[in-house]
file final-v2.cif (mmCIF, C-alpha atoms)
data_structure
#
loop_
_atom_site.label_atom_id
_atom_site.label_comp_id
_atom_site.auth_asym_id
_atom_site.auth_seq_id
_atom_site.Cartn_x
_atom_site.Cartn_y
_atom_site.Cartn_z
CA MET R 1 8.63 62.62 -7.87
CA ASN R 2 11.68 62.74 -10.09
CA LYS R 3 13.48 59.63 -11.26
CA GLU R 4 16.90 59.17 -9.67
CA ILE R 5 19.73 57.99 -11.87
CA VAL R 6 22.76 56.92 -9.87
CA LEU R 7 26.09 57.90 -11.37
CA GLN R 8 28.77 55.31 -10.59
CA PRO R 9 32.49 56.16 -10.29
CA GLY R 10 34.28 56.29 -13.62
CA ARG R 11 31.12 56.89 -15.63
CA CYS R 12 29.64 59.84 -17.57
CA ILE R 13 25.97 60.51 -18.26
CA ALA R 14 24.26 63.05 -20.54
CA ASP R 15 20.55 63.60 -19.97
CA LYS R 16 17.72 65.86 -21.15
CA THR R 17 14.72 64.32 -19.39
CA PRO R 18 13.47 67.18 -17.17
CA THR R 19 12.15 64.82 -14.49
CA ASP R 20 15.51 63.07 -14.01
CA ASP R 21 17.87 63.69 -11.12
CA ILE R 22 21.44 62.47 -11.44
CA VAL R 23 22.54 61.31 -8.00
CA ILE R 24 26.02 60.59 -6.68
CA HIS R 25 25.81 58.92 -3.30
CA SER R 26 29.38 59.16 -2.22
CA VAL R 27 32.19 61.27 -3.61
CA GLY R 28 35.60 60.69 -2.05
CA VAL R 29 38.80 61.60 -3.87
CA GLY R 30 36.93 61.55 -7.18
CA ILE R 31 35.66 64.66 -8.95
CA ALA R 32 32.00 65.06 -9.83
CA LEU R 33 31.85 67.40 -12.81
CA LEU R 34 28.38 68.79 -13.51
CA LEU R 35 27.66 70.56 -16.80
CA TYR R 36 24.42 72.28 -17.75
CA ASP R 37 23.09 73.98 -20.85
CA GLU R 38 20.31 76.12 -19.46
CA LYS R 39 18.88 77.17 -22.83
CA ASN R 40 18.42 73.63 -24.13
CA ARG R 41 18.01 72.04 -20.68
CA VAL R 42 20.64 69.38 -21.27
CA GLY R 43 22.75 68.16 -18.35
CA GLY R 44 25.89 66.10 -18.17
CA ALA R 45 27.76 64.57 -15.25
CA GLY R 46 31.02 62.67 -14.89
CA LEU R 47 32.61 61.11 -11.83
CA PHE R 48 36.34 61.05 -12.54
CA THR R 49 38.45 58.90 -10.27
CA ILE R 50 41.96 58.77 -11.65
CA SER R 51 44.33 61.54 -12.66
CA MET R 52 46.33 59.63 -15.27
CA PRO R 53 45.10 57.90 -18.44
CA PRO R 54 43.94 54.36 -17.52
CA GLN R 55 45.86 51.33 -18.79
CA ASP R 56 42.55 49.80 -19.86
CA THR R 57 41.28 52.00 -22.70
CA SER R 58 37.70 50.76 -22.18
CA LYS R 59 37.74 52.75 -18.91
CA ALA R 60 38.49 56.10 -20.54
CA ASP R 61 35.69 57.84 -18.64
CA THR R 62 37.53 57.35 -15.35
CA PHE R 63 40.07 60.00 -16.43
CA PRO R 64 38.95 63.61 -17.00
CA GLY R 65 41.28 64.12 -19.97
CA ALA R 66 39.34 61.48 -21.91
CA GLY R 67 36.03 61.42 -20.02
CA LEU R 68 35.24 65.13 -20.46
CA PRO R 69 35.46 65.12 -24.29
CA ASN R 70 33.30 61.96 -24.28
CA LEU R 71 30.77 63.67 -22.04
CA LEU R 72 30.65 66.76 -24.26
CA LYS R 73 30.09 64.55 -27.30
CA LYS R 74 27.14 62.83 -25.58
CA MET R 75 25.67 66.20 -24.60
CA LYS R 76 26.00 67.55 -28.15
CA GLU R 77 24.14 64.48 -29.41
CA LEU R 78 21.27 65.50 -27.13
CA GLY R 79 21.28 69.01 -28.56
CA ALA R 80 23.43 70.87 -26.06
CA ASP R 81 25.33 74.00 -27.02
CA THR R 82 28.63 73.13 -25.36
CA ALA R 83 29.97 76.65 -25.80
CA SER R 84 27.61 78.02 -23.14
CA LEU R 85 27.73 75.48 -20.36
CA SER R 86 27.62 76.17 -16.65
CA VAL R 87 30.37 74.10 -14.99
CA LYS R 88 30.44 72.94 -11.36
CA MET R 89 33.02 70.72 -9.71
CA ILE R 90 32.59 68.78 -6.45
CA GLY R 91 34.76 66.33 -4.52
CA GLY R 92 38.52 65.87 -4.50
CA ALA R 93 38.70 65.02 -0.80
CA ASP R 94 41.92 63.61 0.56
CA LEU R 95 42.96 61.27 3.32
CA HIS R 96 43.87 62.88 6.64
CA ASN R 97 47.25 64.61 6.32
CA ALA R 98 47.94 62.85 3.01
CA PRO R 99 51.47 63.48 1.75
CA THR R 100 51.68 65.03 -1.72
CA ILE R 101 52.35 61.70 -3.41
CA LEU R 102 49.12 60.31 -1.95
CA SER R 103 46.94 63.40 -2.48
CA PHE R 104 44.67 61.71 -5.00
CA GLY R 105 41.86 64.23 -4.48
CA ARG R 106 44.11 67.16 -5.31
CA LYS R 107 45.53 65.31 -8.32
CA ASN R 108 42.04 64.51 -9.61
CA ARG R 109 41.05 68.15 -9.18
CA ASP R 110 44.14 69.37 -11.06
CA ALA R 111 43.56 66.87 -13.87
CA THR R 112 39.93 68.00 -14.18
CA VAL R 113 40.91 71.69 -14.27
CA ALA R 114 43.45 70.87 -17.00
CA ALA R 115 40.81 68.95 -18.98
CA LEU R 116 38.38 71.89 -18.69
CA LYS R 117 41.07 74.26 -19.95
CA GLU R 118 41.81 71.92 -22.84
CA VAL R 119 38.21 72.08 -24.07
CA GLY R 120 37.82 75.81 -23.32
CA LEU R 121 35.31 75.59 -20.46
CA THR R 122 35.36 77.89 -17.42
CA LEU R 123 34.56 76.71 -13.94
CA ALA R 124 31.64 78.54 -12.33
CA LYS R 125 31.57 76.92 -8.88
CA GLU R 126 33.75 74.54 -6.93
CA ASP R 127 33.48 72.66 -3.64
CA THR R 128 36.60 70.55 -3.34
CA GLY R 129 39.19 69.41 -0.79
CA GLY R 130 38.88 68.51 2.87
CA SER R 131 38.49 64.95 4.15
CA HIS R 132 34.73 64.60 4.16
CA LYS R 133 32.13 62.67 2.22
CA ARG R 134 29.96 64.55 -0.26
CA SER R 135 26.68 63.50 -1.87
CA VAL R 136 25.23 65.25 -4.91
CA LYS R 137 21.82 65.58 -6.56
CA PHE R 138 21.75 67.26 -9.99
CA SER R 139 18.28 68.09 -11.35
CA ILE R 140 18.15 67.95 -15.14
CA GLY R 141 14.97 70.02 -15.36
CA THR R 142 16.48 73.03 -13.59
CA GLY R 143 20.25 72.51 -13.51
CA LYS R 144 20.10 72.93 -9.75
CA VAL R 145 22.80 71.12 -7.78
CA ALA R 146 22.12 70.05 -4.19
CA LEU R 147 25.28 69.25 -2.28
CA GLN R 148 25.18 67.35 0.99
CA THR R 149 28.31 67.36 3.04
CA VAL R 150 28.59 64.63 5.62
CA THR R 151 29.06 65.64 8.47
CA TYR R 152 31.54 68.44 8.89
CA MET G 1 32.39 66.13 27.81
CA SER G 2 30.64 62.74 27.87
CA GLU G 3 31.70 60.06 30.29
CA LYS G 4 33.85 57.48 28.56
CA LEU G 5 32.19 54.27 27.47
CA SER G 6 33.10 51.30 29.62
CA LEU G 7 35.00 48.59 27.80
CA ASP G 8 33.00 46.06 29.85
CA THR G 9 29.79 47.36 28.26
CA VAL G 10 31.16 46.80 24.80
CA VAL G 11 32.61 43.41 25.70
CA ARG G 12 29.12 42.43 26.92
CA ASP G 13 27.77 43.40 23.49
CA ILE G 14 30.46 41.29 21.87
CA ASP G 15 29.50 38.34 24.07
CA GLU G 16 25.91 38.73 22.93
CA LEU G 17 26.82 38.56 19.24
CA PRO G 18 25.40 35.40 17.68
CA SER G 19 27.91 32.61 17.07
CA LEU G 20 29.21 32.07 13.58
CA PRO G 21 27.33 29.54 11.42
CA ALA G 22 28.30 25.89 12.01
CA ALA G 23 30.07 25.63 8.65
CA ALA G 24 32.29 28.58 9.54
CA MET G 25 33.12 27.14 12.97
CA LYS G 26 34.16 23.88 11.34
CA ALA G 27 36.14 25.75 8.68
CA LEU G 28 37.95 27.62 11.45
CA GLU G 29 38.80 24.30 13.10
CA ILE G 30 40.31 23.28 9.77
CA VAL G 31 42.28 26.54 9.71
CA ARG G 32 43.72 25.68 13.13
CA SER G 33 44.54 22.04 12.36
CA ASP G 34 46.88 20.79 9.67
CA GLY G 35 45.43 17.37 9.03
CA SER G 36 42.13 18.14 7.32
CA SER G 37 41.33 16.98 3.84
CA ALA G 38 39.69 18.60 0.84
CA SER G 39 36.79 16.17 1.04
CA GLU G 40 36.10 17.17 4.67
CA LEU G 41 36.00 20.85 3.64
CA ALA G 42 33.73 20.10 0.67
CA GLU G 43 31.39 18.16 2.96
CA ILE G 44 31.18 21.09 5.40
CA ILE G 45 30.27 23.48 2.58
CA ARG G 46 27.71 21.10 1.04
CA THR G 47 25.67 21.22 4.25
CA ASP G 48 24.88 24.89 3.60
CA GLN G 49 23.12 25.72 0.31
CA GLY G 50 23.65 29.49 0.49
CA LEU G 51 27.32 29.03 1.26
CA THR G 52 27.75 26.54 -1.60
CA ALA G 53 26.15 29.03 -4.01
CA ASN G 54 28.43 31.86 -2.82
CA VAL G 55 31.57 29.72 -3.02
CA LEU G 56 30.76 28.64 -6.58
CA LYS G 57 29.87 32.21 -7.57
CA LEU G 58 33.22 33.45 -6.28
CA CYS G 59 35.13 30.60 -7.96
CA ASN G 60 33.46 31.57 -11.26
CA SER G 61 34.00 35.32 -10.83
CA ALA G 62 36.45 37.67 -12.53
CA TYR G 63 38.43 37.67 -9.26
CA TYR G 64 39.84 34.23 -10.09
CA GLY G 65 39.43 34.44 -13.87
CA ILE G 66 39.24 30.67 -14.32
CA PRO G 67 38.46 29.96 -17.99
CA GLN G 68 36.29 26.89 -17.30
CA LYS G 69 33.04 26.82 -15.34
CA VAL G 70 33.33 25.54 -11.77
CA ASP G 71 30.29 23.35 -11.04
CA SER G 72 31.18 21.77 -7.71
CA VAL G 73 32.97 22.61 -4.50
CA GLN G 74 35.42 19.74 -5.08
CA GLN G 75 36.26 21.17 -8.49
CA GLY G 76 36.64 24.62 -6.89
CA ILE G 77 39.10 23.23 -4.36
CA ALA G 78 41.09 21.65 -7.16
CA LEU G 79 41.17 24.85 -9.24
CA VAL G 80 41.46 27.74 -6.76
CA GLY G 81 42.97 25.79 -3.89
CA PHE G 82 42.08 24.41 -0.47
CA SER G 83 43.22 27.53 1.36
CA ALA G 84 41.16 29.86 -0.85
CA ILE G 85 37.95 27.87 -0.36
CA ARG G 86 38.51 27.53 3.39
CA ASN G 87 38.93 31.31 3.65
CA MET G 88 35.79 31.90 1.57
CA VAL G 89 33.77 29.92 4.14
CA VAL G 90 34.99 32.12 6.97
CA SER G 91 34.41 35.28 4.91
CA PHE G 92 30.78 34.56 4.00
CA ALA G 93 30.05 33.62 7.62
CA VAL G 94 30.08 37.27 8.66
CA GLN G 95 27.97 38.56 5.76
CA ASP G 96 24.70 38.89 7.71
CA LYS G 97 26.45 40.83 10.48
CA LEU G 98 28.06 43.27 8.04
CA GLU G 99 24.88 43.75 6.01
CA LYS G 100 23.10 45.60 8.82
CA GLY G 101 23.19 49.38 8.92
CA THR G 102 25.75 51.00 11.21
CA ASP G 103 23.94 54.25 12.04
CA GLY G 104 26.67 55.47 14.36
CA TYR G 105 28.99 55.76 11.38
CA LEU G 106 26.20 57.09 9.12
CA LEU G 107 26.33 53.95 6.99
CA GLY G 108 23.12 52.46 5.64
CA PRO G 109 22.14 48.78 5.37
CA GLY G 110 24.52 46.99 3.02
CA ASP G 111 27.16 49.75 2.98
CA LEU G 112 29.59 47.96 5.27
CA TRP G 113 29.22 44.65 3.39
CA ARG G 114 29.77 46.40 0.04
CA SER G 115 32.89 48.00 1.46
CA ALA G 116 34.04 44.63 2.85
CA VAL G 117 33.66 42.88 -0.53
CA ASN G 118 35.52 45.68 -2.33
CA SER G 119 38.31 45.64 0.26
CA ALA G 120 38.57 41.84 0.04
CA PHE G 121 38.98 41.82 -3.74
CA LEU G 122 41.55 44.61 -3.61
CA ALA G 123 43.42 43.04 -0.68
CA GLY G 124 43.63 39.79 -2.65
CA ARG G 125 44.94 41.67 -5.67
CA ILE G 126 47.59 43.58 -3.66
CA ALA G 127 48.66 40.38 -1.92
CA ARG G 128 48.96 38.56 -5.25
CA ASP G 129 51.17 41.37 -6.60
CA LYS G 130 53.30 41.95 -3.55
CA THR G 131 53.42 38.79 -1.46
CA GLY G 132 51.82 35.87 -3.31
CA PRO G 133 51.14 33.41 -0.50
CA LEU G 134 49.00 35.84 1.54
CA LYS G 135 46.31 36.28 -1.12
CA ASP G 136 43.77 33.85 0.39
CA ILE G 137 43.99 35.10 3.95
CA ALA G 138 44.08 38.71 2.67
CA PHE G 139 40.64 38.19 1.11
CA THR G 140 39.17 37.15 4.47
CA ALA G 141 40.97 39.88 6.38
CA GLY G 142 39.60 42.40 3.86
CA ILE G 143 36.08 41.17 4.57
CA ILE G 144 36.26 41.32 8.36
CA HIS G 145 38.51 44.33 9.00
CA ASP G 146 35.70 46.72 10.03
CA ILE G 147 33.67 44.22 12.07
CA GLY G 148 34.25 46.40 15.16
CA LYS G 149 31.95 49.08 13.66
CA VAL G 150 29.03 46.65 13.95
CA VAL G 151 29.30 46.62 17.74
CA LEU G 152 30.57 50.15 18.36
CA SER G 153 28.00 51.81 16.06
CA LYS G 154 25.10 52.00 18.53
CA HIS G 155 27.34 53.53 21.22
CA LEU G 156 28.95 55.96 18.81
CA ILE G 157 25.72 57.89 18.23
CA SER G 158 25.93 59.60 21.61
CA PHE G 159 29.63 60.42 21.23
CA PHE G 160 29.68 61.32 17.55
CA ASP G 161 29.52 65.13 17.83
CA GLU G 162 32.29 65.12 20.41
CA ILE G 163 34.48 62.93 18.19
CA VAL G 164 33.85 65.13 15.16
CA ASP G 165 34.68 68.27 17.17
CA MET G 166 37.92 66.67 18.27
CA VAL G 167 38.80 65.70 14.67
CA ASN G 168 38.24 69.32 13.63
CA ASP G 169 39.79 71.07 16.63
CA LYS G 170 42.85 68.92 17.19
CA LYS G 171 43.30 67.93 13.51
CA ILE G 172 43.64 64.28 14.43
CA ASN G 173 42.27 61.29 12.54
CA PHE G 174 38.92 59.72 13.34
CA ASN G 175 40.06 56.54 15.08
CA LYS G 176 42.44 58.52 17.29
CA ALA G 177 39.52 60.77 18.26
CA GLU G 178 37.40 57.67 18.92
CA THR G 179 40.06 56.46 21.33
CA GLU G 180 40.36 59.85 23.07
CA VAL G 181 36.61 60.27 23.51
CA ILE G 182 35.39 56.70 24.06
CA GLY G 183 38.55 55.04 25.31
CA PHE G 184 39.05 52.67 22.35
CA ASP G 185 38.42 52.60 18.59
CA HIS G 186 36.52 50.30 16.24
CA ALA G 187 39.72 48.47 15.28
CA GLU G 188 40.43 47.44 18.88
CA ILE G 189 36.85 46.30 19.37
CA GLY G 190 37.03 44.41 16.07
CA GLY G 191 40.14 42.62 17.33
CA LYS G 192 38.21 41.49 20.41
CA ILE G 193 35.36 40.17 18.23
CA ALA G 194 37.83 38.27 16.06
CA GLU G 195 39.34 36.76 19.21
CA LYS G 196 35.91 35.77 20.53
CA TRP G 197 35.19 33.99 17.25
CA LYS G 198 38.57 32.23 17.63
CA PHE G 199 39.92 33.57 14.36
CA PRO G 200 43.61 32.81 13.76
CA GLU G 201 46.11 35.35 15.05
CA ASP G 202 46.92 36.88 11.64
CA LEU G 203 43.25 37.76 11.13
CA VAL G 204 42.90 39.13 14.65
CA GLU G 205 45.94 41.39 14.15
CA SER G 206 44.70 42.52 10.72
CA VAL G 207 41.46 43.72 12.26
CA ARG G 208 43.09 45.26 15.35
CA HIS G 209 45.80 47.19 13.50
CA HIS G 210 44.25 47.99 10.13
CA HIS G 211 44.66 51.71 10.86
CA SER G 212 48.06 51.30 12.52
CA PRO G 213 49.95 48.55 10.67
CA GLY G 214 53.27 49.59 12.20
CA PHE G 215 52.02 48.45 15.61
CA ALA G 216 51.19 44.90 14.47
CA PRO G 217 53.56 42.07 15.42
CA ALA G 218 56.42 41.92 12.90
CA GLU G 219 55.36 38.56 11.48
CA HIS G 220 51.93 39.91 10.50
CA GLN G 221 52.90 43.38 9.27
CA LYS G 222 52.72 42.55 5.57
CA LEU G 223 49.18 41.21 5.82
CA VAL G 224 48.06 44.09 8.04
CA SER G 225 49.65 46.59 5.64
CA ILE G 226 47.75 45.05 2.72
CA ILE G 227 44.47 45.44 4.60
CA HIS G 228 45.37 49.01 5.55
CA ILE G 229 46.08 50.00 1.93
CA SER G 230 42.99 48.27 0.54
CA ASP G 231 40.82 49.94 3.18
CA VAL G 232 42.04 53.47 2.54
CA ILE G 233 41.83 53.06 -1.25
CA CYS G 234 38.21 51.88 -1.02
CA LEU G 235 37.38 54.74 1.35
CA SER G 236 39.07 57.18 -1.00
CA MET G 237 36.80 55.99 -3.78
CA GLY G 238 33.79 56.72 -1.63
CA ILE G 239 33.16 53.05 -0.82
CA GLY G 240 32.14 52.54 2.82
CA ILE G 241 32.72 56.22 3.55
CA GLY G 242 30.40 57.45 6.28
CA GLY G 243 30.41 60.23 8.84
CA ASP G 244 34.04 59.48 9.55
CA GLY G 245 34.85 60.63 6.02
CA LEU G 246 38.42 60.22 4.86
CA ASN G 247 39.77 61.15 8.26
CA TYR G 248 42.18 58.25 8.37
CA PRO G 249 45.88 58.32 7.59
CA MET G 250 47.66 56.44 4.83
CA ASP G 251 50.51 54.80 6.74
CA GLU G 252 53.76 55.44 4.90
CA HIS G 253 55.39 52.50 6.71
CA ALA G 254 52.86 50.19 5.02
CA VAL G 255 53.51 51.78 1.62
CA LYS G 256 57.27 51.26 2.04
CA LEU G 257 56.98 47.74 3.44
CA LEU G 258 55.04 46.59 0.38
CA SER G 259 57.09 48.73 -2.05
CA ILE G 260 53.93 50.32 -3.38
CA THR G 261 54.52 52.99 -6.00
CA GLU G 262 52.29 55.83 -7.17
CA ALA G 263 51.62 53.85 -10.36
CA ASP G 264 50.56 50.85 -8.21
CA MET G 265 48.10 53.10 -6.41
CA GLU G 266 46.55 54.31 -9.66
CA SER G 267 46.31 50.72 -10.86
CA TYR G 268 44.49 49.76 -7.64
CA PHE G 269 41.93 52.53 -8.21
CA GLU G 270 41.44 51.17 -11.70
CA TYR G 271 41.16 47.61 -10.40
CA VAL G 272 38.39 48.52 -7.95
CA LEU G 273 36.44 50.29 -10.71
CA GLY G 274 36.84 47.24 -12.94
CA MET G 275 35.55 44.89 -10.22
CA GLN G 276 32.24 46.69 -9.63
CA GLU G 277 30.14 44.29 -11.74
CA THR G 278 31.61 41.38 -9.79
CA VAL G 279 31.00 43.15 -6.48
CA GLU G 280 27.33 43.62 -7.44
CA GLN G 281 26.94 39.83 -7.65
CA PHE G 282 27.68 39.61 -3.94
CA VAL G 283 25.89 42.64 -2.56
CA SER G 284 22.50 42.73 -4.23
#
call {"tool": "encode", "arguments": {"input": "final-v2.cif", "output": "structure tokens"}}
result
Amino acid sequence: MNKEIVLQPGRCIADKTPTDDIVIHSVGVGIALLLYDEKNRVGGAGLFTISMPPQDTSKADTFPGAGLPNLLKKMKELGADTASLSVKMIGGADLHNAPTILSFGRKNRDATVAALKEVGLTLAKEDTGGSHKRSVKFSIGTGKVALQTVTY
Amino acid sequence: MSEKLSLDTVVRDIDELPSLPAAAMKALEIVRSDGSSASELAEIIRTDQGLTANVLKLCNSAYYGIPQKVDSVQQGIALVGFSAIRNMVVSFAVQDKLEKGTDGYLLGPGDLWRSAVNSAFLAGRIARDKTGPLKDIAFTAGIIHDIGKVVLSKHLISFFDEIVDMVNDKKINFNKAETEVIGFDHAEIGGKIAEKWKFPEDLVESVRHHHSPGFAPAEHQKLVSIIHISDVICLSMGIGIGGDGLNYPMDEHAVKLLSITEADMESYFEYVLGMQETVEQFVS
């Protein structure tokens, strides 16, 4: 049985233990970004929750523009080749009929796409939008991502 | 289509809910009367060890940010205020009820309590920013706002698919679909529970209208709007989000009434993230 490591909102984790699963219980408007270097079997995950740089600089990982470079640095330290990463993005739900100003999910998605462009990464798969809860399990040994959508 | 649930059935369930702990009942009496003293309140709290520990833990938490250590309830009353401590007593009284799983909403044990604590901290923060005097009652209202889910959960299981279909087909929000399918929503049932427990009117209205603040009596609309905003922000962050997902509206009337800006919203997301260590002290 693999060990489950729960990723909390606003945090980033890099991992190369093949028996670890990074688990996100509940993704709302946040964006779960899952990176995997298949050759070196290094995984990285961030759960970004705000689309603008935080006032508190100690919470940089909440914002994709700062959190993604931090995550890549952590992955490199574990031996990842960050030029050949598979990139998956999950989440970015929004409240029912949210007006544009309150579309935090869409804003988080756009900020994450911009951050990916900034560091030269290309998105491989995306499951974003809607108004439903998502749960994620990311297996470090295989890079496989299991997405559970509740309930719709 | 299923036959609608009878309100009498649910009211019977409400009647069967255990009474609040004695300390909470006495604290509520203090809420309703003006002549009670700090020493009376301290005495009520001292009779309950668990409650005393929770009150001191909250007084010493980042929520209040008091630089000195609070060692006694009396000292807590002096430093955070009579009203704050009184509201803490009422808030912790419902903890055991909110800690149970609410399967009907696909929430596990502890999920609703975690959501309540997060909402309470954020409601207190919004109230402090936008209204000042409401911060103590906002904390309690944040705790109890979803109490209706505790009672409605077991009935919801048999109606859930129908509600979800209605959400998808008619593109309406979850509580509206609850009302169409069952005849009432968790907010209305929560209001009835708050009435049964003889909560003051502002708390009752906060529970009853937390998804529809514009329908609350004018004198309570600011408090209800605070609870509405704190609830949807916590849900948005995935806290307390169950099978109902994010299928609730953000009421623009509430946003306008409290003059909440986009920057405020971002700061509230940040605040909730920053409070997670404190939340853990109350949910583990």
call {"tool": "closest_residue", "arguments": {"input": "final-v2.cif", "among": "R:Asp15, R:Asp20, R:Asp37, R:Glu4", "to": "Ala83 of chain R", "atoms": "all atoms listed in the file"}}
result
R:Asp37
call {"tool": "interface_residues", "arguments": {"input": "final-v2.cif", "of": "chain G", "to": "chain R", "cutoff": "10 Å", "atoms": "all atoms listed in the file", "output": "number ranges by chain"}}
result
G: 106, 161, 164-165, 167-168, 171-174, 232-252, 261-263, 265-267, 269-274, 276
call {"tool": "residues_near_point", "arguments": {"input": "final-v2.cif", "point": "(29.7, 67.4, -23.8)", "cutoff": "10 Å", "atoms": "all atoms listed in the file", "output": "PyMOL selection string"}}
result
chain R and resi 12-14+35-37+42-45+67-83+85+119
call {"tool": "residues_around", "arguments": {"input": "final-v2.cif", "residues": "segment 116-125 of chain G", "least_positions_apart": "2", "cutoff": "9 Å", "atoms": "all atoms listed in the file", "output": "PyMOL selection string"}}
result
chain G and resi 63+98+111-114+127-130+134-146+223+226-234+239-240+268+271-272+275-276+279+282-283
call {"tool": "write_last_selection", "arguments": {"input": "final-v2.cif", "atoms": "C-alpha atoms", "output": "PDB file, in the coordinates of the input"}}
result
ATOM      1  CA  TYR G  63      38.430  37.670  -9.260  1.00  0.00           C
ATOM      2  CA  LEU G  98      28.060  43.270   8.040  1.00  0.00           C
ATOM      3  CA  ASP G 111      27.160  49.750   2.980  1.00  0.00           C
ATOM      4  CA  LEU G 112      29.590  47.960   5.270  1.00  0.00           C
ATOM      5  CA  TRP G 113      29.220  44.650   3.390  1.00  0.00           C
ATOM      6  CA  ARG G 114      29.770  46.400   0.040  1.00  0.00           C
ATOM      7  CA  ALA G 127      48.660  40.380  -1.920  1.00  0.00           C
ATOM      8  CA  ARG G 128      48.960  38.560  -5.250  1.00  0.00           C
ATOM      9  CA  ASP G 129      51.170  41.370  -6.600  1.00  0.00           C
ATOM     10  CA  LYS G 130      53.300  41.950  -3.550  1.00  0.00           C
ATOM     11  CA  LEU G 134      49.000  35.840   1.540  1.00  0.00           C
ATOM     12  CA  LYS G 135      46.310  36.280  -1.120  1.00  0.00           C
ATOM     13  CA  ASP G 136      43.770  33.850   0.390  1.00  0.00           C
ATOM     14  CA  ILE G 137      43.990  35.100   3.950  1.00  0.00           C
ATOM     15  CA  ALA G 138      44.080  38.710   2.670  1.00  0.00           C
ATOM     16  CA  PHE G 139      40.640  38.190   1.110  1.00  0.00           C
ATOM     17  CA  THR G 140      39.170  37.150   4.470  1.00  0.00           C
ATOM     18  CA  ALA G 141      40.970  39.880   6.380  1.00  0.00           C
ATOM     19  CA  GLY G 142      39.600  42.400   3.860  1.00  0.00           C
ATOM     20  CA  ILE G 143      36.080  41.170   4.570  1.00  0.00           C
ATOM     21  CA  ILE G 144      36.260  41.320   8.360  1.00  0.00           C
ATOM     22  CA  HIS G 145      38.510  44.330   9.000  1.00  0.00           C
ATOM     23  CA  ASP G 146      35.700  46.720  10.030  1.00  0.00           C
ATOM     24  CA  LEU G 223      49.180  41.210   5.820  1.00  0.00           C
ATOM     25  CA  ILE G 226      47.750  45.050   2.720  1.00  0.00           C
ATOM     26  CA  ILE G 227      44.470  45.440   4.600  1.00  0.00           C
ATOM     27  CA  HIS G 228      45.370  49.010   5.550  1.00  0.00           C
ATOM     28  CA  ILE G 229      46.080  50.000   1.930  1.00  0.00           C
ATOM     29  CA  SER G 230      42.990  48.270   0.540  1.00  0.00           C
ATOM     30  CA  ASP G 231      40.820  49.940   3.180  1.00  0.00           C
ATOM     31  CA  VAL G 232      42.040  53.470   2.540  1.00  0.00           C
ATOM     32  CA  ILE G 233      41.830  53.060  -1.250  1.00  0.00           C
ATOM     33  CA  CYS G 234      38.210  51.880  -1.020  1.00  0.00           C
ATOM     34  CA  ILE G 239      33.160  53.050  -0.820  1.00  0.00           C
ATOM     35  CA  GLY G 240      32.140  52.540   2.820  1.00  0.00           C
ATOM     36  CA  TYR G 268      44.490  49.760  -7.640  1.00  0.00           C
ATOM     37  CA  TYR G 271      41.160  47.610 -10.400  1.00  0.00           C
ATOM     38  CA  VAL G 272      38.390  48.520  -7.950  1.00  0.00           C
ATOM     39  CA  MET G 275      35.550  44.890 -10.220  1.00  0.00           C
ATOM     40  CA  GLN G 276      32.240  46.690  -9.630  1.00  0.00           C
ATOM     41  CA  VAL G 279      31.000  43.150  -6.480  1.00  0.00           C
ATOM     42  CA  PHE G 282      27.680  39.610  -3.940  1.00  0.00           C
ATOM     43  CA  VAL G 283      25.890  42.640  -2.560  1.00  0.00           C
TER      44      VAL G 283
END
call {"tool": "atom_distance", "arguments": {"input": "final-v2.cif", "atom1": "atom CA of Ala62 of chain G", "atom2": "atom CA of Ile126 of chain G"}}
result
15.4 Å
call {"tool": "resolve_selection", "arguments": {"input": "final-v2.cif", "expression": "the PyMOL selection byres ((chain G and resi 36-46) around 8)", "output": "ChimeraX atom specification"}}
result
/G:23,26-27,30,33-35,47-49,51-52,73-74,77,82,86,89
call {"tool": "resolve_selection", "arguments": {"input": "final-v2.cif", "expression": "the PyMOL selection byres ((chain G and resi 184-189) around 6)", "output": "list of chain:residue names"}}
result
G:Gly148, G:Lys149, G:Asn175, G:Glu178, G:Thr179, G:Ile182, G:Gly183, G:Gly190, G:Gly191, G:Lys192, G:Val207, G:Arg208
call {"tool": "write_last_selection", "arguments": {"input": "final-v2.cif", "atoms": "C-alpha atoms", "output": "PDB file, in the coordinates of the input"}}
result
ATOM      1  CA  GLY G 148      34.250  46.400  15.160  1.00  0.00           C
ATOM      2  CA  LYS G 149      31.950  49.080  13.660  1.00  0.00           C
ATOM      3  CA  ASN G 175      40.060  56.540  15.080  1.00  0.00           C
ATOM      4  CA  GLU G 178      37.400  57.670  18.920  1.00  0.00           C
ATOM      5  CA  THR G 179      40.060  56.460  21.330  1.00  0.00           C
ATOM      6  CA  ILE G 182      35.390  56.700  24.060  1.00  0.00           C
ATOM      7  CA  GLY G 183      38.550  55.040  25.310  1.00  0.00           C
ATOM      8  CA  GLY G 190      37.030  44.410  16.070  1.00  0.00           C
ATOM      9  CA  GLY G 191      40.140  42.620  17.330  1.00  0.00           C
ATOM     10  CA  LYS G 192      38.210  41.490  20.410  1.00  0.00           C
ATOM     11  CA  VAL G 207      41.460  43.720  12.260  1.00  0.00           C
ATOM     12  CA  ARG G 208      43.090  45.260  15.350  1.00  0.00           C
TER      13      ARG G 208
END
call {"tool": "atom_distance", "arguments": {"input": "final-v2.cif", "atom1": "atom CA of Ser225 of chain G", "atom2": "atom CA of Pro213 of chain G"}}
result
5.4 Å
call {"tool": "atom_distance", "arguments": {"input": "final-v2.cif", "atom1": "atom CA of Gly76 of chain G", "atom2": "atom CA of Leu58 of chain G"}}
result
9.5 Å
call {"tool": "residues_around", "arguments": {"input": "final-v2.cif", "residues": "Phe138 of chain R", "least_positions_apart": "5", "cutoff": "9 Å", "atoms": "all atoms listed in the file", "output": "number ranges by chain"}}
result
R: 20-24, 34, 43, 45, 143-147
